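J.: The following file, start.cif, comprises mmCIF, C-alpha atoms:
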data_upload
#
loop_
_atom_site.label_atom_id
_atom_site.label_comp_id
_atom_site.auth_asym_id
_atom_site.auth_seq_id
_atom_site.Cartn_x
_atom_site.Cartn_y
_atom_site.Cartn_z
CA MET S 1 18.33 55.23 -98.31
CA THR S 2 16.10 56.92 -95.72
CA VAL S 3 14.17 55.04 -93.04
CA ALA S 4 10.94 55.61 -94.98
CA GLU S 5 12.54 54.19 -98.11
CA ASP S 6 13.83 51.23 -96.09
CA ASN S 7 10.33 50.46 -94.82
CA SER S 8 8.78 50.81 -98.25
CA LEU S 9 10.80 47.90 -99.64
CA SER S 10 9.05 44.56 -99.47
CA ASP S 11 10.81 41.47 -98.16
CA GLU S 12 11.01 40.11 -101.71
CA GLU S 13 12.63 43.32 -102.96
CA LEU S 14 15.12 43.18 -100.13
CA MET S 15 15.94 39.55 -100.97
CA ALA S 16 16.58 40.53 -104.58
CA ARG S 17 19.07 43.15 -103.36
CA ILE S 18 20.66 40.73 -100.92
CA ALA S 19 21.22 38.37 -103.86
CA GLY S 20 23.49 41.10 -105.17
CA SER S 21 25.36 41.10 -101.84
CA ASP S 22 23.65 44.29 -100.66
CA ALA S 23 24.63 44.38 -96.98
CA ARG S 24 22.34 47.33 -96.24
CA ALA S 25 19.30 45.41 -97.53
CA PHE S 26 20.30 42.46 -95.37
CA GLU S 27 20.57 44.70 -92.33
CA ILE S 28 17.06 46.05 -92.94
CA LEU S 29 15.67 42.52 -93.29
CA VAL S 30 17.36 41.41 -90.07
CA LYS S 31 16.04 44.40 -88.11
CA ARG S 32 12.56 43.82 -89.50
CA HIS S 33 12.32 40.13 -88.55
CA GLN S 34 14.86 39.68 -85.78
CA ARG S 35 12.56 40.10 -82.78
CA ARG S 36 9.87 37.79 -84.11
CA ILE S 37 12.29 35.07 -85.21
CA LEU S 38 14.27 35.23 -81.98
CA ASN S 39 11.16 34.90 -79.83
CA LEU S 40 9.73 32.11 -81.96
CA ILE S 41 12.95 30.19 -81.40
CA TYR S 42 13.26 31.10 -77.71
CA ARG S 43 9.70 30.02 -76.91
CA SER S 44 10.24 26.81 -78.84
CA ILE S 45 13.58 25.70 -77.40
CA GLY S 46 13.53 27.46 -74.02
CA ASP S 47 17.14 28.60 -73.89
CA ARG S 48 18.09 32.23 -74.53
CA ILE S 49 21.72 31.74 -75.54
CA GLN S 50 20.92 28.86 -77.82
CA ALA S 51 18.01 30.85 -79.26
CA GLU S 52 20.39 33.62 -80.32
CA ASP S 53 22.73 31.11 -81.98
CA VAL S 54 19.86 29.50 -83.84
CA ALA S 55 18.44 32.89 -84.85
CA GLN S 56 21.82 33.87 -86.27
CA GLU S 57 21.93 30.62 -88.21
CA VAL S 58 18.49 31.42 -89.64
CA PHE S 59 19.67 34.77 -90.99
CA LEU S 60 22.93 33.26 -92.20
CA ARG S 61 20.91 30.79 -94.25
CA VAL S 62 18.79 33.65 -95.58
CA TRP S 63 21.98 35.39 -96.74
CA ARG S 64 23.33 32.25 -98.41
CA ALA S 65 20.02 31.35 -100.04
CA ALA S 66 19.29 34.82 -101.38
CA GLU S 67 20.96 34.16 -104.74
CA ASN S 68 18.62 31.24 -105.45
CA TYR S 69 15.56 32.61 -103.63
CA GLU S 70 12.32 32.56 -105.61
CA PRO S 71 9.25 34.12 -103.97
CA LYS S 72 6.89 31.19 -104.52
CA ALA S 73 5.30 31.66 -101.08
CA LYS S 74 5.17 34.47 -98.52
CA PHE S 75 8.62 35.42 -97.29
CA THR S 76 7.53 34.99 -93.65
CA THR S 77 6.38 31.42 -94.37
CA TRP S 78 9.78 30.70 -95.90
CA ILE S 79 11.85 32.18 -93.08
CA TYR S 80 9.59 30.62 -90.44
CA ARG S 81 10.12 27.27 -92.12
CA ILE S 82 13.90 27.70 -91.82
CA ALA S 83 13.53 28.69 -88.15
CA VAL S 84 11.24 25.76 -87.36
CA ASN S 85 13.59 23.24 -88.98
CA LEU S 86 16.55 24.64 -87.06
CA CYS S 87 14.52 24.56 -83.82
CA LEU S 88 13.74 20.89 -84.36
CA ASP S 89 17.41 20.16 -85.11
CA SER S 90 18.45 22.05 -82.00
CA ILE S 91 15.99 20.20 -79.81
CA LYS S 92 17.15 16.82 -81.14
CA SER S 93 20.86 17.59 -80.96
CA THR S 94 20.93 18.96 -77.43
CA HIS S 95 18.74 16.15 -76.02
CA TYR S 96 16.24 18.68 -74.79
CA ARG S 97 15.74 18.56 -71.05
CA GLN S 98 12.68 19.41 -69.03
CA SER S 99 14.48 22.11 -67.01
CA PHE S 100 15.10 25.35 -68.86
CA VAL S 101 16.47 28.82 -68.41
CA HIS S 102 13.92 30.86 -66.44
CA PRO S 103 12.75 33.80 -68.51
CA GLU S 104 14.02 36.48 -66.10
CA GLY S 105 15.43 39.71 -67.33
CA ASP S 106 19.10 40.55 -67.03
CA SER S 107 21.17 43.62 -67.68
CA GLU S 108 22.16 42.49 -71.16
CA SER S 109 18.80 41.63 -72.63
CA PRO S 110 15.94 42.91 -70.53
CA ILE S 111 12.53 41.36 -70.74
CA LYS S 112 9.63 43.67 -71.53
CA HIS S 113 7.14 44.09 -68.73
CA GLU S 114 3.91 45.79 -69.57
CA GLY S 115 2.61 48.48 -67.19
CA SER S 116 5.81 48.71 -65.20
CA VAL S 117 5.98 52.51 -65.02
CA GLY S 118 3.93 55.16 -63.24
CA LYS S 119 1.63 54.90 -60.24
CA ASP S 120 0.21 51.58 -61.40
CA ALA S 121 3.64 49.91 -61.34
CA PRO S 122 3.49 46.48 -59.68
CA SER S 123 5.12 46.01 -56.30
CA PRO S 124 8.23 43.84 -55.92
CA GLU S 125 5.99 41.12 -54.48
CA GLU S 126 3.69 41.27 -57.46
CA LEU S 127 6.67 41.15 -59.81
CA LEU S 128 7.96 38.09 -58.00
CA ILE S 129 4.60 36.36 -58.21
CA ASP S 130 4.41 37.30 -61.90
CA ALA S 131 7.88 35.88 -62.51
CA GLU S 132 7.01 32.64 -60.77
CA GLU S 133 3.75 32.37 -62.64
CA SER S 134 5.37 33.09 -66.02
CA GLY S 135 8.08 30.56 -65.19
CA ARG S 136 5.49 27.91 -64.44
CA ILE S 137 3.59 28.64 -67.65
CA PHE S 138 6.84 28.64 -69.64
CA ALA S 139 7.75 25.28 -68.10
CA ALA S 140 4.36 23.88 -69.07
CA LEU S 141 4.93 25.05 -72.65
CA GLN S 142 8.41 23.54 -72.75
CA GLY S 143 6.98 20.28 -71.46
CA LEU S 144 4.98 19.79 -74.65
CA PRO S 145 6.39 17.64 -77.45
CA ALA S 146 8.34 19.76 -79.95
CA SER S 147 5.75 19.74 -82.73
CA GLN S 148 2.90 20.67 -80.36
CA ARG S 149 5.00 23.42 -78.83
CA LEU S 150 5.82 24.88 -82.23
CA ALA S 151 2.15 24.81 -83.23
CA VAL S 152 1.19 26.65 -80.01
CA VAL S 153 3.91 29.28 -80.46
CA LEU S 154 3.04 29.89 -84.11
CA LYS S 155 -0.67 30.19 -83.30
CA LYS S 156 -0.55 32.11 -80.05
CA PHE S 157 2.36 34.49 -80.56
CA ASP S 158 2.58 34.81 -84.34
CA ASN S 159 -1.17 34.44 -84.93
CA LEU S 160 -0.73 32.27 -87.99
CA SER S 161 -3.78 30.52 -89.42
CA TYR S 162 -3.94 26.74 -89.40
CA ASP S 163 -3.20 26.81 -93.11
CA GLU S 164 -0.07 28.92 -92.61
CA ILE S 165 1.05 26.74 -89.72
CA SER S 166 0.58 23.63 -91.87
CA ARG S 167 2.86 25.11 -94.56
CA THR S 168 5.44 26.11 -91.98
CA LEU S 169 5.48 22.74 -90.25
CA GLY S 170 5.11 20.76 -93.46
CA CYS S 171 1.98 18.88 -92.38
CA SER S 172 -1.74 18.91 -93.11
CA VAL S 173 -4.27 21.35 -91.62
CA ALA S 174 -5.95 18.42 -89.87
CA ALA S 175 -2.60 17.53 -88.30
CA VAL S 176 -2.21 21.12 -87.06
CA GLU S 177 -5.65 20.99 -85.47
CA SER S 178 -4.78 17.70 -83.81
CA LEU S 179 -1.50 19.13 -82.48
CA LEU S 180 -3.29 22.13 -80.98
CA VAL S 181 -6.11 20.05 -79.48
CA ARG S 182 -3.60 17.84 -77.69
CA ALA S 183 -1.39 20.77 -76.69
CA LYS S 184 -4.27 22.75 -75.21
CA ARG S 185 -5.55 19.70 -73.36
CA THR S 186 -2.12 19.10 -71.82
CA LEU S 187 -1.64 22.75 -70.92
CA ARG S 188 -5.10 22.86 -69.35
CA GLU S 189 -4.31 19.80 -67.23
CA LYS S 190 -0.93 21.13 -66.11
CA LEU S 191 -1.86 24.74 -65.44
CA LEU S 192 -5.32 24.37 -63.99
CA SER S 193 -4.49 21.34 -61.82
CA HIS S 194 -1.72 23.41 -60.22
CA ARG S 195 -4.19 26.11 -59.25
CA SER S 196 -6.69 23.67 -57.78
CA MET N 1 -23.37 16.75 -82.00
CA ASN N 2 -22.36 15.04 -78.75
CA CYS N 3 -20.06 16.51 -76.12
CA HIS N 4 -17.08 14.38 -77.13
CA ARG N 5 -17.12 15.69 -80.68
CA ILE N 6 -17.82 19.25 -79.57
CA LYS N 7 -14.89 19.26 -77.14
CA LYS N 8 -12.58 18.09 -79.91
CA ARG N 9 -13.59 21.08 -82.03
CA LEU N 10 -13.48 23.69 -79.29
CA ALA N 11 -9.77 24.36 -79.82
CA ALA N 12 -10.31 25.12 -83.52
CA ASP N 13 -13.42 27.16 -82.67
CA GLN N 14 -11.41 29.17 -80.17
CA ASP N 15 -8.81 29.81 -82.89
CA GLY N 16 -11.44 31.14 -85.26
CA GLU N 17 -10.95 28.29 -87.72
CA ILE N 18 -14.58 27.16 -87.77
CA GLY N 19 -17.29 28.95 -89.63
CA GLY N 20 -20.68 28.45 -91.17
CA LYS N 21 -23.13 25.80 -90.02
CA GLU N 22 -20.63 23.98 -87.84
CA ARG N 23 -20.06 27.12 -85.81
CA GLU N 24 -23.81 27.50 -85.34
CA ARG N 25 -24.09 23.89 -84.17
CA ILE N 26 -21.29 24.39 -81.65
CA SER N 27 -22.83 27.64 -80.37
CA ALA N 28 -26.21 25.98 -80.01
CA HIS N 29 -24.67 23.07 -78.08
CA LEU N 30 -22.75 25.41 -75.77
CA ARG N 31 -25.96 27.24 -74.89
CA ASP N 32 -27.37 24.03 -73.47
CA CYS N 33 -24.28 22.27 -72.12
CA PRO N 34 -22.59 23.65 -68.96
CA SER N 35 -19.85 21.01 -69.11
CA CYS N 36 -18.67 22.10 -72.56
CA ARG N 37 -18.97 25.77 -71.53
CA ILE N 38 -16.61 25.07 -68.62
CA VAL N 39 -14.11 23.38 -70.93
CA LEU N 40 -14.24 26.34 -73.31
CA ALA N 41 -13.76 28.81 -70.45
CA GLU N 42 -10.75 26.81 -69.21
CA LEU N 43 -9.24 26.76 -72.69
CA GLU N 44 -9.65 30.53 -72.85
CA GLN N 45 -8.01 30.90 -69.46
CA VAL N 46 -5.05 28.72 -70.45
CA TRP N 47 -4.65 30.50 -73.77
CA GLN N 48 -4.70 33.91 -72.06
CA SER N 49 -2.16 32.78 -69.48
CA LEU N 50 0.40 32.15 -72.25
CA GLU N 51 0.58 35.93 -72.62
CA LYS N 52 2.47 36.00 -69.34
CA ILE N 53 5.44 34.45 -71.11
CA PRO N 54 7.61 37.48 -71.69
CA GLU N 55 9.26 38.49 -74.90
CA ILE N 56 13.05 38.67 -75.03
CA GLN N 57 15.26 41.10 -76.85
CA ALA N 58 18.49 40.21 -78.60
CA SER N 59 21.70 40.86 -76.69
CA PRO N 60 23.53 44.07 -77.73
CA GLY N 61 26.17 42.25 -79.82
CA PHE N 62 23.71 40.11 -81.75
CA GLU N 63 23.79 42.00 -85.03
CA ARG N 64 27.55 42.64 -84.83
CA ARG N 65 28.20 38.90 -84.41
CA LEU N 66 25.77 38.07 -87.19
CA PHE N 67 27.33 40.47 -89.68
CA ALA N 68 30.79 39.16 -88.79
CA ARG N 69 29.62 35.65 -89.65
CA VAL N 70 28.07 36.91 -92.88
CA ASN N 71 31.31 38.64 -93.87
CA ALA N 72 33.15 35.38 -93.32
CA VAL N 73 30.95 33.61 -95.91
CA PRO N 74 32.99 33.26 -99.14
CA ASP N 75 31.56 35.01 -102.20
CA PRO N 76 29.87 32.25 -104.26
CA ARG N 77 30.48 34.20 -107.45
CA SER N 78 34.13 33.08 -107.71
CA TRP N 79 36.17 33.21 -110.93
CA TRP N 80 35.39 29.67 -112.09
CA ARG N 81 31.65 30.16 -112.23
CA PHE N 82 30.36 31.55 -115.51
CA PRO N 83 26.83 32.94 -115.79
CA TRP N 84 25.79 30.39 -118.43
CA ALA N 85 27.12 27.49 -116.34
CA SER N 86 25.20 28.79 -113.37
CA TRP N 87 21.98 28.92 -115.46
CA ILE N 88 22.44 25.37 -116.75
CA TYR N 89 23.15 24.05 -113.28
CA ARG N 90 20.09 25.73 -111.83
CA ALA N 91 17.79 24.59 -114.65
CA TYR N 92 19.05 21.04 -114.99
CA PRO N 93 21.21 20.16 -112.00
CA ALA N 94 21.02 16.35 -112.36
CA SER N 95 21.64 16.41 -116.12
CA ALA N 96 24.51 18.84 -115.76
CA MET N 97 26.17 16.66 -113.16
CA ALA N 98 25.68 13.51 -115.24
CA ALA N 99 27.14 15.20 -118.32
CA VAL N 100 30.17 16.38 -116.40
CA LEU N 101 30.77 12.91 -114.94
CA LEU N 102 30.41 11.28 -118.37
CA LEU N 103 32.87 13.71 -119.94
CA VAL N 104 35.42 13.26 -117.17
CA GLY N 105 35.03 9.47 -117.27
CA THR N 106 35.48 9.31 -121.06
CA LEU N 107 38.54 11.55 -121.06
CA LEU N 108 40.09 9.71 -118.13
CA GLY N 109 39.39 6.32 -119.64
CA GLY N 110 40.87 7.27 -122.97
CA TYR N 111 43.95 8.81 -121.38
CA LEU N 112 44.58 5.85 -119.06
CA GLY N 113 44.02 3.35 -121.86
CA ASN N 114 46.53 5.08 -124.10
CA ALA N 115 48.99 5.64 -121.26
CA VAL N 116 49.01 1.95 -120.40
CA VAL N 117 49.19 0.80 -124.01
CA SER N 118 52.10 3.04 -124.92
CA GLY N 119 54.24 1.68 -122.06
CA LEU N 120 54.17 -1.98 -123.11
CA SER N 121 56.36 -3.78 -125.57
CA SER N 122 54.31 -6.92 -126.22
CA ALA N 123 50.61 -7.52 -126.85
CA PRO N 124 48.33 -10.41 -125.90
CA ALA N 125 47.43 -12.73 -128.77
CA GLN N 126 43.80 -11.80 -128.83
CA VAL N 127 44.55 -8.09 -128.93
CA HIS N 128 47.18 -8.64 -131.65
CA ALA N 129 44.66 -10.65 -133.60
CA SER N 130 42.11 -7.89 -133.32
CA ARG N 131 44.55 -5.46 -134.84
CA THR N 132 45.88 -7.65 -137.64
CA ASP N 133 43.04 -10.00 -138.66
CA THR N 134 40.66 -7.31 -139.60
CA GLY N 135 41.75 -4.60 -141.95
CA ILE N 136 38.69 -2.40 -141.36
CA VAL N 137 39.59 0.00 -138.56
CA SER N 138 36.00 1.04 -137.96
CA PHE N 139 35.19 -2.53 -136.84
CA TRP N 140 37.54 -2.15 -133.90
CA VAL N 141 34.82 -0.25 -132.03
CA PHE N 142 32.81 -3.49 -131.83
CA ALA N 143 35.68 -5.43 -130.27
CA ALA N 144 35.45 -6.35 -126.58
CA ALA N 145 38.42 -4.13 -125.88
CA PRO N 146 39.01 -1.68 -128.75
CA PRO N 147 42.58 -0.38 -129.07
CA GLY N 148 43.34 2.67 -126.94
CA THR N 149 40.60 2.03 -124.38
CA LEU N 150 40.93 1.25 -120.70
CA GLY N 151 39.83 -2.37 -121.33
CA ASP N 152 42.55 -2.77 -123.93
CA GLY N 153 45.02 -1.37 -121.44
CA TYR N 154 43.97 -3.82 -118.72
CA LEU N 155 44.31 -6.78 -121.11
CA ARG N 156 47.81 -5.65 -122.03
CA ILE N 157 48.73 -5.31 -118.35
CA ALA N 158 47.41 -8.82 -117.66
CA HIS N 159 49.35 -10.27 -120.60
CA PHE N 160 52.46 -8.32 -119.66
CA THR N 161 52.26 -9.63 -116.08
CA GLU N 162 51.98 -13.24 -117.33
CA GLU N 163 54.94 -12.74 -119.65
CA TYR N 164 56.96 -11.24 -116.83
CA ARG N 165 56.25 -14.14 -114.50
CA LYS N 166 57.38 -16.63 -117.16
#
Please go through the file and, once you have read it, give me the structure as C-alpha cells.

T.:
Amino acid sequence: MTVAEDNSLSDEELMARIAGSDARAFEILVKRHQRRILNLIYRSIGDRIQAEDVAQEVFLRVWRAAENYEPKAKFTTWIYRIAVNLCLDSIKSTHYRQSFVHPEGDSESPIKHEGSVGKDAPSPEELLIDAEESGRIFAALQGLPASQRLAVVLKKFDNLSYDEISRTLGCSVAAVESLLVRAKRTLREKLLSHRS
Amino acid sequence: MNCHRIKKRLAADQDGEIGGKERERISAHLRDCPSCRIVLAELEQVWQSLEKIPEIQASPGFERRLFARVNAVPDPRSWWRFPWASWIYRAYPASAMAAVLLLVGTLLGGYLGNAVVSGLSSAPAQVHASRTDTGIVSFWVFAAAPPGTLGDGYLRIAHFTEEYRK
C-alpha cells in the first residue's frame, strides 16, 4: 500500500483489517494516533516513562480487541476511553504524588518548541524562563484531581466537546461542566496568585 | 442573572458550549459588570497559559517495543475454536456458558455415580427396595436417588462404610 492509500483508510477499516491480524494496518493506526494518545496520557499522569508504558498498553488492547470491535461510536471516543481508564488505573496504582517529572527535553525524546529557529529564536534566558513557567503550569495541572485533570486535557488539548468528553469519561454533560468549572477556578487561583 | 450564576457559566461560555438566549444574557451582563469581565479575562489568561505545556514525542524505540509485545500475544484463533462456537459465544455468552456447565455436570455426575456403584458389593436396604419393589423401571427416575446417579452412589458409599465398620 502507498502512503496515500494508507491515509485513505478510515480507522474502522483499519480495525477490520487488524481483526484479520494485519500488522501493516495496525502500524498505520499506531502512527496515526500515537502522538495524541501519548500526550493525553502524559498530561494526565505527569510522568514520561509511565506515559509510554500506558500508551503501549492502550495499543495492545486495541490489537486484542480488534476481533470483537464493533464501530458503535467514533473510533477516537473508543480509544480515548481505553486511554482514560488506563490513566485512572495508573494514577491509583502508583499513589500519584504531587511532584512530577519536569517536562524538559532530552536527547531521546525532544520537546517541540515553537519559534526556536531563525533570528527570532529565544535567548537561553528566555528559554529558561519559559521552562520554569511551563513547569509551574504543568505542576498546577497535575495538582488537580484526576477527573478534573482529564477533563481539562481532553478539552484544551484534544478540543473535544462536552458531549464527547462525557462519553469518554462515562459521566453526564452536566458533570463535565462541573469538573471544568472547578478545574478552571483552581488553576486560576494557583497560577494568578503566583504572579501577584 | 446575578453574578454568582454568571460566573458559574463562564467556563462553559468560554468553551463555546452555550448558545442562544443564554449566551445573549451572559453577553449583556458582561457589558455592565466589570467584576465578571475580570473573571472572564482571567479564565482566558489561564486557559491560554496551558499552551505553554509542551508536547512530547515518543522515544525512538517506542514502536519497536510495542510491536514486540504485540507479536508475543498468542493468536486467539487456536485449533480448538470453531467459527460456529465463536458465533454462539459472542451472541449468547451467558447461555453458552450455562449450557456447557450443565453438560459437564450431567456427564460427570452420571460417570461418578456409575463408577461408585460398580465398585460395591452390597446395597443399602432402601436402594435395594427401590430396585426390587417396583417393577416399572421408568418410575426409578422419581426416586430420591435413582440408580446410576451420584446420589445413589453416595448412599451406597454410606451404607458400605457402615457395613465395613460393623

J.: In terms of the shortest atom-to-atom distance over all atoms listed in the file, which of N:Ala158, N:Val104, N:Leu10, N:Leu66 is closest to Ile38 of chain N?

T.: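 The closest residue to Ile38 of chain N is N:Leu10.
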
J.: Between N:Ala28, N:Cys3, N:Leu150, N:Ile18, which is the closest to chain S once you count all atoms listed in the file?

T.: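 With all atoms listed in the file as the atom set, the closest residue is N:Ile18.
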
J.: On this structure, the PyMOL selection byres ((chain S) within 9 of (chain N)) would catch which residues? List them as a VMD selection string, sorted by chain and number.

T.: chain S and resid 21 23 27 30 to 31 34 to 35 38 to 39 42 to 43 48 52 56 to 57 59 to 60 63 to 64 68 103 to 105 108 to 113 130 to 131 133 to 135 137 to 138 141 155 to 157 161 to 162 177 to 178 180 to 181 184 to 185 187 to 188 191 to 192

J.: Can you work out the spacing between atom CA of Arg23 of chain N and atom CA of Arg5 of chain N in Å, to one decimal?

T.: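 Between these atoms lies a distance of 12.9 Å.
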
J.: Of the residues S:Arg17, S:Asp11, S:Ala51, S:Leu179, which is the one nearest to Pro145 of chain S, using all atoms listed in the file?

T.: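 Ranking S:Arg17, S:Asp11, S:Ala51, S:Leu179 by distance to Pro145 of chain S, first place goes to S:Leu179.
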
J.: One number please: atom CA of Arg32 of chain S to atom CA of Leu160 of chain S, in Å, one decimal.

T.: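 That distance, rounded to one decimal, is 17.7 Å.
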
J.: Nearest to Leu169 of chain S: which of S:Arg149, S:Arg136, S:Arg61, S:Arg182 is it, counting all atoms listed in the file?

T.: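 Looking at the shortest contact to Leu169 of chain S, the residue is S:Arg149.
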
J.: Could you tell me how far atom CA of Ala146 of chain S lies from atom CA of Ile41 of chain S, in Å and to one decimal?

T.: 11.5 Å

J.: Name all residues at most 8 Å from segment 73-77 of chain S (count all atoms listed in the file; drop same-chain ones fewer than 3 positions away) and give them as a list in words.

T.: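 Surrounding residues, per the criterion: Asp11, Glu12, Tyr80, Arg81, Glu164, Arg167 and Thr168 of chain S.
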